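Asks: Encoded as structure tokens, here's the structure I'll be asking about.
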Amino acid sequence: MGEEMVISPEAFFVAGIVLFGLSLLMFIVLWLRLGKLNKRYKSMLNGKTGGDYEELLIGIQTQLNEWGNQTAENSRALEAVRELMKSQKARVEMVRYNAFDQGGSEMSFSIAILNDYLDGLVLSGIYGREQTYMYAKTIEKGESKHTLSPEEKKAIQHASAPIIIKSANR
């Protein structure tokens, strides 16, 4: 029961040699990895010092701030252009018709020229055999102070229809 276990000095020596060998092998592997990592680090730095990178990062941050300010300014300018475009007379529609029951080929016309706020004018040309009349009536918010003919109302209605913009992306 009281037997003592005695380890011989040779066993300690062999275990020490094995541990030394494993440590040496791990040292060599880590040395090689460190060499590769150091090579990549130098390649990344490309001859620059840490202070150069700090200046570079500060420059990048400054540029990003300037771009952010420019983007906000561009957004405001774009919104102003959009508002200006709404006031441009871009909605144009024409209706042709026979004003008199004389036959013929629809020589009379009404043209509505409106903006997005439905302000603009309607031009009507009434063609007859003996004479031709031209009328211009102002339009505000889709209505006129003057009496409108059915053809003028139709031209205004067509010009004030919603504009559908087809996307180029498919």
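We label chains A, B, ... in the order they appear in the structure tokens, count residues from 1 in each chain, and number ligands from 1 in the order shown.
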Return as a ChimeraX atom specification the full set of residues in chain A whose backbone-based DSSP assignment is helix (DSSP H, G or I).

Replies: /A:9-45,50-86,150-159

Asks: Would you mind writing down, as a ChimeraX atom specification, each residue of chain A that DSSP on the backbone assigns to strand (DSSP E or B)?

Replies: /A:91-97,108-114,120-127,132-140,143

Asks: Any chance you could export the current selection's N, CA and C atoms as a compact mmCIF listing (two decimals), in the first residue's frame?

Replies:
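The resulting selection.txt:
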```txt
# COMPACT_ATOMS: atom_id res chain seq x y z
N ARG A 91 -48.05 70.43 -70.29
CA ARG A 91 -49.21 69.60 -70.61
C ARG A 91 -49.94 70.24 -71.79
N VAL A 92 -49.84 69.62 -72.94
CA VAL A 92 -50.44 70.16 -74.16
C VAL A 92 -51.33 69.10 -74.77
N GLU A 93 -52.54 69.49 -75.10
CA GLU A 93 -53.47 68.55 -75.71
C GLU A 93 -54.31 69.29 -76.75
N MET A 94 -54.59 68.63 -77.88
CA MET A 94 -55.36 69.25 -78.94
C MET A 94 -56.58 68.38 -79.28
N VAL A 95 -57.71 69.06 -79.51
CA VAL A 95 -58.93 68.39 -79.94
C VAL A 95 -59.35 69.03 -81.26
N ARG A 96 -59.55 68.21 -82.29
CA ARG A 96 -60.00 68.71 -83.60
C ARG A 96 -61.48 68.36 -83.75
N TYR A 97 -62.21 69.23 -84.43
CA TYR A 97 -63.65 69.02 -84.59
C TYR A 97 -64.20 69.87 -85.73
N SER A 108 -61.54 72.87 -87.36
CA SER A 108 -61.52 73.65 -86.12
C SER A 108 -60.75 72.87 -85.06
N PHE A 109 -60.21 73.59 -84.07
CA PHE A 109 -59.41 72.92 -83.06
C PHE A 109 -59.46 73.71 -81.74
N SER A 110 -59.14 73.01 -80.68
CA SER A 110 -58.92 73.62 -79.37
C SER A 110 -57.65 73.00 -78.80
N ILE A 111 -56.73 73.85 -78.36
CA ILE A 111 -55.47 73.40 -77.79
C ILE A 111 -55.38 73.91 -76.35
N ALA A 112 -55.21 72.99 -75.41
CA ALA A 112 -55.01 73.36 -74.01
C ALA A 112 -53.51 73.25 -73.70
N ILE A 113 -52.97 74.33 -73.11
CA ILE A 113 -51.56 74.35 -72.71
C ILE A 113 -51.54 74.68 -71.22
N LEU A 114 -51.17 73.68 -70.40
CA LEU A 114 -51.26 73.81 -68.94
C LEU A 114 -49.96 73.39 -68.26
N GLY A 120 -52.80 77.96 -67.25
CA GLY A 120 -52.32 78.10 -68.62
C GLY A 120 -53.35 78.77 -69.48
N LEU A 121 -53.57 78.23 -70.67
CA LEU A 121 -54.54 78.81 -71.59
C LEU A 121 -55.07 77.75 -72.53
N VAL A 122 -56.18 78.10 -73.15
CA VAL A 122 -56.75 77.25 -74.18
C VAL A 122 -56.95 78.13 -75.41
N LEU A 123 -56.46 77.66 -76.55
CA LEU A 123 -56.59 78.36 -77.82
C LEU A 123 -57.60 77.59 -78.67
N SER A 124 -58.51 78.32 -79.28
CA SER A 124 -59.48 77.68 -80.16
C SER A 124 -59.48 78.40 -81.49
N GLY A 125 -59.44 77.62 -82.54
CA GLY A 125 -59.55 78.15 -83.90
C GLY A 125 -60.82 77.60 -84.51
N ILE A 126 -61.77 78.49 -84.83
CA ILE A 126 -63.05 78.08 -85.41
C ILE A 126 -62.99 78.38 -86.90
N TYR A 127 -63.05 77.33 -87.69
CA TYR A 127 -62.93 77.46 -89.13
C TYR A 127 -64.32 77.41 -89.78
N THR A 132 -62.57 82.70 -90.39
CA THR A 132 -61.97 81.90 -89.33
C THR A 132 -61.79 82.79 -88.10
N TYR A 133 -62.11 82.24 -86.93
CA TYR A 133 -61.98 82.97 -85.67
C TYR A 133 -60.96 82.27 -84.79
N MET A 134 -60.25 83.07 -84.01
CA MET A 134 -59.27 82.52 -83.08
C MET A 134 -59.59 83.10 -81.70
N TYR A 135 -59.65 82.21 -80.68
CA TYR A 135 -59.95 82.64 -79.32
C TYR A 135 -58.86 82.11 -78.38
N ALA A 136 -58.53 82.91 -77.39
CA ALA A 136 -57.60 82.49 -76.34
C ALA A 136 -58.25 82.78 -75.00
N LYS A 137 -58.27 81.79 -74.14
CA LYS A 137 -58.90 81.93 -72.82
C LYS A 137 -57.91 81.45 -71.75
N THR A 138 -57.76 82.24 -70.70
CA THR A 138 -56.85 81.86 -69.61
C THR A 138 -57.51 80.79 -68.74
N ILE A 139 -56.65 79.93 -68.21
CA ILE A 139 -57.10 78.84 -67.34
C ILE A 139 -56.33 78.96 -66.03
N GLU A 140 -57.06 78.93 -64.92
CA GLU A 140 -56.45 78.93 -63.58
C GLU A 140 -57.05 77.79 -62.78
N GLU A 143 -59.91 75.90 -64.39
CA GLU A 143 -61.15 76.62 -64.66
C GLU A 143 -60.85 77.92 -65.39
```

Asks: Enter the distance from atom CA of A:Gly128 to atom CA of A:Phe100, in Å, rounded to one decimal.

Replies: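 Answer for the atom CA of A:Gly128 to atom CA of A:Phe100 separation: 7.1 Å.
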